[in-house]
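Colleague: Let me begin by handing over the structure; questions about it come next.
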Amino acid sequence: MTPSTKLRQLMTESAPVVAPGAYDGLSARLVERAGFPAVYASGGAISRSTGLPDLGLISMNEIVARLQQMVDAISVPLIADADTGYGNALNVQHAVRAFQRAGVAGIHLEDQTFPKRCGHYDDKSIVSTREMAQKLKAVKDASGDDFVLIARTDALAVEGYERTIERSHAYMEAGADVIFVEAPTSVEQIESIAKDLPYPKLINMFASGKTPLMPAERLGELGYAIVIIPSDTQRAAIGAMMRTLDAIKRDGDSGALQNEMASFRDREVIIGTDAYMALDKQYAA
């Protein structure tokens, strides 16, 4: 079963598919070990992991190299952020082929202009409905029917609700498999989107964003097939590293925080060190 087929099966049988965000092989493996059926590769988190903000500053090749590491570290489907597709329709086709070679199960493509912004930033701008529809058609032509194509629209903050719904219908007609309306700002909007868009839907849920948090079970009842939580794992990691560094600066070591840290042994188990060492012995014999 291909990763794309597996993701489609999950959306049909286990909706909503809750996919926490990850940004490298280790964080992706931790998501899988926690029992989640899919991992979301957050473009913003990948960018921030290099020390850069989520402003479209990372190249396609840099993203694809990271995605390959993440796919190799897990056995569950990886959903990837393809930003605006890195150019026009031809660039989008080039990008989706690279993402497929990396082994991702599907991508979401957004209708912002380039350079894009995080979906929860202000002052976003978007391309025409026609331009986005052409990009979606180009992805479908390049990727085939199995690959999961998620169309994201940032129109809610730019053009308002009615135009967002119109765009969403147009994107689904252009070949998208899932619709993703970014940054609804109320429970009522989340429910209205669910009612007005009778398609598989993805929603972005993370603490302190513009979208209010709702239980995954309720989102599933509303027809949301996928729930992504892009950046909470990274924010948790940043907080833990800051606390550890503060302790080292204060005490000269991290002993005061040992109970909050993974043990040396736990770390090695997560990475699979024993298996690699066993192989090393086998091949050295």
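If you're wondering about the labels, chains in the structure tokens are A, B, ... by order shown, residues count from 1 in each chain, ligands from 1 in order shown.
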Neighbouring residues of A:Ile179 were defined as those with any atom within 8 Å, considering only C-alpha atoms; residues of the same chain fewer than 4 positions away were excluded. Please report them as a VMD selection string.
Modeller: chain A and resid 150 to 152 168 171 to 172 199 to 202
Colleague: Please provide as an mmCIF file with N, CA and C atoms, in the first residue's frame all residues within 10 Å of stretch 133-144 of chain A, with the sequence filter that same-chain residues fewer than 2 positions apart are discarded (counting only C-alpha atoms).
Modeller:
```cif
data_model
loop_
_atom_site.group_PDB
_atom_site.id
_atom_site.type_symbol
_atom_site.label_atom_id
_atom_site.label_comp_id
_atom_site.auth_asym_id
_atom_site.auth_seq_id
_atom_site.Cartn_x
_atom_site.Cartn_y
_atom_site.Cartn_z
ATOM 1 N N THR A 84 3.370 27.764 -1.787
ATOM 2 C CA THR A 84 2.649 28.224 -2.983
ATOM 3 C C THR A 84 3.050 27.437 -4.226
ATOM 4 N N GLY A 85 3.882 26.421 -4.056
ATOM 5 C CA GLY A 85 4.308 25.613 -5.201
ATOM 6 C C GLY A 85 5.581 26.094 -5.855
ATOM 7 N N GLY A 87 6.390 28.755 -7.549
ATOM 8 C CA GLY A 87 6.366 29.417 -8.853
ATOM 9 C C GLY A 87 5.057 29.194 -9.576
ATOM 10 N N ASN A 88 5.126 29.138 -10.896
ATOM 11 C CA ASN A 88 3.916 28.966 -11.707
ATOM 12 C C ASN A 88 3.535 27.489 -11.821
ATOM 13 N N ALA A 89 2.618 27.193 -12.728
ATOM 14 C CA ALA A 89 2.105 25.821 -12.845
ATOM 15 C C ALA A 89 3.206 24.821 -13.186
ATOM 16 N N LEU A 90 4.161 25.221 -14.017
ATOM 17 C CA LEU A 90 5.260 24.311 -14.355
ATOM 18 C C LEU A 90 6.158 24.066 -13.154
ATOM 19 N N ASN A 91 6.421 25.119 -12.373
ATOM 20 C CA ASN A 91 7.198 24.948 -11.149
ATOM 21 C C ASN A 91 6.486 24.017 -10.175
ATOM 22 N N VAL A 92 5.167 24.131 -10.110
ATOM 23 C CA VAL A 92 4.369 23.291 -9.216
ATOM 24 C C VAL A 92 4.496 21.827 -9.624
ATOM 25 N N GLN A 93 4.452 21.555 -10.924
ATOM 26 C CA GLN A 93 4.612 20.181 -11.384
ATOM 27 C C GLN A 93 5.989 19.638 -11.011
ATOM 28 N N HIS A 94 7.016 20.454 -11.193
ATOM 29 C CA HIS A 94 8.371 20.043 -10.808
ATOM 30 C C HIS A 94 8.436 19.749 -9.312
ATOM 31 N N ALA A 95 7.784 20.599 -8.527
ATOM 32 C CA ALA A 95 7.809 20.431 -7.068
ATOM 33 C C ALA A 95 7.087 19.165 -6.636
ATOM 34 N N VAL A 96 5.898 18.915 -7.182
ATOM 35 C CA VAL A 96 5.133 17.769 -6.710
ATOM 36 C C VAL A 96 5.834 16.462 -7.063
ATOM 37 N N ARG A 97 6.512 16.418 -8.183
ATOM 38 C CA ARG A 97 7.278 15.210 -8.529
ATOM 39 C C ARG A 97 8.403 14.986 -7.521
ATOM 40 N N PHE A 99 8.386 16.026 -4.386
ATOM 41 C CA PHE A 99 7.753 15.621 -3.136
ATOM 42 C C PHE A 99 7.362 14.148 -3.199
ATOM 43 N N GLN A 100 6.866 13.703 -4.340
ATOM 44 C CA GLN A 100 6.509 12.289 -4.490
ATOM 45 C C GLN A 100 7.748 11.401 -4.377
ATOM 46 N N GLY A 106 0.925 13.177 0.583
ATOM 47 C CA GLY A 106 0.139 14.241 -0.019
ATOM 48 C C GLY A 106 0.720 15.586 0.366
ATOM 49 N N ILE A 107 0.231 16.613 -0.304
ATOM 50 C CA ILE A 107 0.696 17.972 -0.026
ATOM 51 C C ILE A 107 -0.503 18.899 0.108
ATOM 52 N N HIS A 108 -0.273 20.049 0.764
ATOM 53 C CA HIS A 108 -1.233 21.126 0.583
ATOM 54 C C HIS A 108 -0.547 22.288 -0.117
ATOM 55 N N LEU A 109 -1.313 22.865 -1.031
ATOM 56 C CA LEU A 109 -0.869 23.970 -1.871
ATOM 57 C C LEU A 109 -1.761 25.161 -1.566
ATOM 58 N N GLU A 110 -1.168 26.339 -1.382
ATOM 59 C CA GLU A 110 -1.967 27.483 -0.943
ATOM 60 C C GLU A 110 -2.046 28.571 -2.014
ATOM 61 N N ASP A 111 -3.042 29.431 -1.858
ATOM 62 C CA ASP A 111 -3.295 30.462 -2.861
ATOM 63 C C ASP A 111 -2.725 31.825 -2.491
ATOM 64 N N SER A 128 -5.210 35.036 -7.998
ATOM 65 C CA SER A 128 -6.576 34.880 -8.510
ATOM 66 C C SER A 128 -7.035 33.439 -8.384
ATOM 67 N N THR A 129 -8.341 33.257 -8.364
ATOM 68 C CA THR A 129 -8.910 31.909 -8.322
ATOM 69 C C THR A 129 -8.449 31.110 -9.533
ATOM 70 N N ARG A 130 -8.418 31.744 -10.682
ATOM 71 C CA ARG A 130 -8.018 31.063 -11.913
ATOM 72 C C ARG A 130 -6.578 30.566 -11.831
ATOM 73 N N GLU A 131 -5.668 31.412 -11.322
ATOM 74 C CA GLU A 131 -4.266 31.002 -11.218
ATOM 75 C C GLU A 131 -4.109 29.813 -10.274
ATOM 76 N N ASP A 146 -3.817 8.885 -7.185
ATOM 77 C CA ASP A 146 -3.644 8.366 -5.831
ATOM 78 C C ASP A 146 -3.134 9.425 -4.868
ATOM 79 N N PHE A 147 -2.221 10.266 -5.327
ATOM 80 C CA PHE A 147 -1.593 11.291 -4.488
ATOM 81 C C PHE A 147 -2.657 12.229 -3.925
ATOM 82 N N VAL A 148 -2.560 12.547 -2.634
ATOM 83 C CA VAL A 148 -3.585 13.363 -1.970
ATOM 84 C C VAL A 148 -3.235 14.838 -2.108
ATOM 85 N N LEU A 149 -4.096 15.566 -2.815
ATOM 86 C CA LEU A 149 -3.890 16.994 -3.052
ATOM 87 C C LEU A 149 -4.860 17.802 -2.192
ATOM 88 N N ILE A 150 -4.295 18.607 -1.324
ATOM 89 C CA ILE A 150 -5.071 19.444 -0.406
ATOM 90 C C ILE A 150 -4.935 20.894 -0.864
ATOM 91 N N ALA A 151 -6.058 21.534 -1.144
ATOM 92 C CA ALA A 151 -6.048 22.938 -1.568
ATOM 93 C C ALA A 151 -6.305 23.823 -0.366
ATOM 94 N N ARG A 167 -14.196 30.268 -3.767
ATOM 95 C CA ARG A 167 -12.872 29.757 -4.139
ATOM 96 C C ARG A 167 -12.745 28.271 -3.806
ATOM 97 N N SER A 168 -13.227 27.883 -2.668
ATOM 98 C CA SER A 168 -13.107 26.493 -2.240
ATOM 99 C C SER A 168 -13.815 25.553 -3.202
ATOM 100 N N ALA A 170 -14.344 26.139 -6.346
ATOM 101 C CA ALA A 170 -13.563 26.149 -7.581
ATOM 102 C C ALA A 170 -12.322 25.271 -7.460
ATOM 103 N N TYR A 171 -11.699 25.263 -6.299
ATOM 104 C CA TYR A 171 -10.484 24.462 -6.111
ATOM 105 C C TYR A 171 -10.811 22.970 -6.120
ATOM 106 N N MET A 172 -11.931 22.607 -5.536
ATOM 107 C CA MET A 172 -12.328 21.199 -5.579
ATOM 108 C C MET A 172 -12.679 20.780 -7.003
ATOM 109 N N GLU A 173 -13.330 21.652 -7.741
ATOM 110 C CA GLU A 173 -13.653 21.350 -9.136
ATOM 111 C C GLU A 173 -12.389 21.225 -9.986
ATOM 112 N N ALA A 174 -11.309 21.910 -9.581
ATOM 113 C CA ALA A 174 -10.051 21.853 -10.330
ATOM 114 C C ALA A 174 -9.266 20.573 -10.054
ATOM 115 N N GLY A 175 -9.708 19.773 -9.067
ATOM 116 C CA GLY A 175 -9.064 18.479 -8.845
ATOM 117 C C GLY A 175 -8.550 18.211 -7.455
ATOM 118 N N ALA A 176 -8.727 19.167 -6.536
ATOM 119 C CA ALA A 176 -8.270 18.922 -5.166
ATOM 120 C C ALA A 176 -9.073 17.796 -4.527
ATOM 121 N N ASP A 177 -8.449 17.062 -3.627
ATOM 122 C CA ASP A 177 -9.107 15.977 -2.905
ATOM 123 C C ASP A 177 -9.658 16.436 -1.558
#
```
Colleague: Quick check for you: according to DSSP on this backbone, which residues of stretch 114-215 of chain A are classed as strand (DSSP E or B)? Reply as a ChimeraX atom specification.
Modeller: /A:126,148-153,178-181,201-204
Colleague: In Å, rounded to a single decimal, give me how far atom CA of A:Gly25 is from atom CA of A:Gln69.
Modeller: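 Computing it gives 5.5 Å between the two atoms.
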Colleague: Using only C-alpha atoms, can you tell me which of A:Ala45, A:Leu26, A:Met60, A:Leu279 comes closest to A:Asp232?
Modeller: A:Ala45
Colleague: Extract, using only C-alpha atoms, all DNA, RNA and protein residues at most 12 Å from A:Ala207, discarding same-chain residues fewer than 5 positions from it, and format them as a PyMOL selection string.
Modeller: chain A and resi 120+212-214+228-233+235-236
Colleague: Select from stretch 22-136 of chain A every residue with an atom at most 10 Å from any atom of stretch 5-8 of chain A, then for each give the shortest pair of atoms and their distance in Å to one decimal, using only C-alpha atoms, rows by chain and rising number, as a Markdown table.
Modeller:
```
| residue | atom | partner | partner_atom | distance |
| --- | --- | --- | --- | --- |
| A:Pro37 | CA | A:Leu7 | CA | 8.7 |
| A:Ala38 | CA | A:Leu7 | CA | 7.7 |
| A:Val76 | CA | A:Lys6 | CA | 8.3 |
| A:Pro77 | CA | A:Leu7 | CA | 6.1 |
| A:Leu78 | CA | A:Leu7 | CA | 8.6 |
| A:Ile79 | CA | A:Leu7 | CA | 8.7 |
| A:Ala105 | CA | A:Leu7 | CA | 6.6 |
| A:Gly106 | CA | A:Leu7 | CA | 8.2 |
```
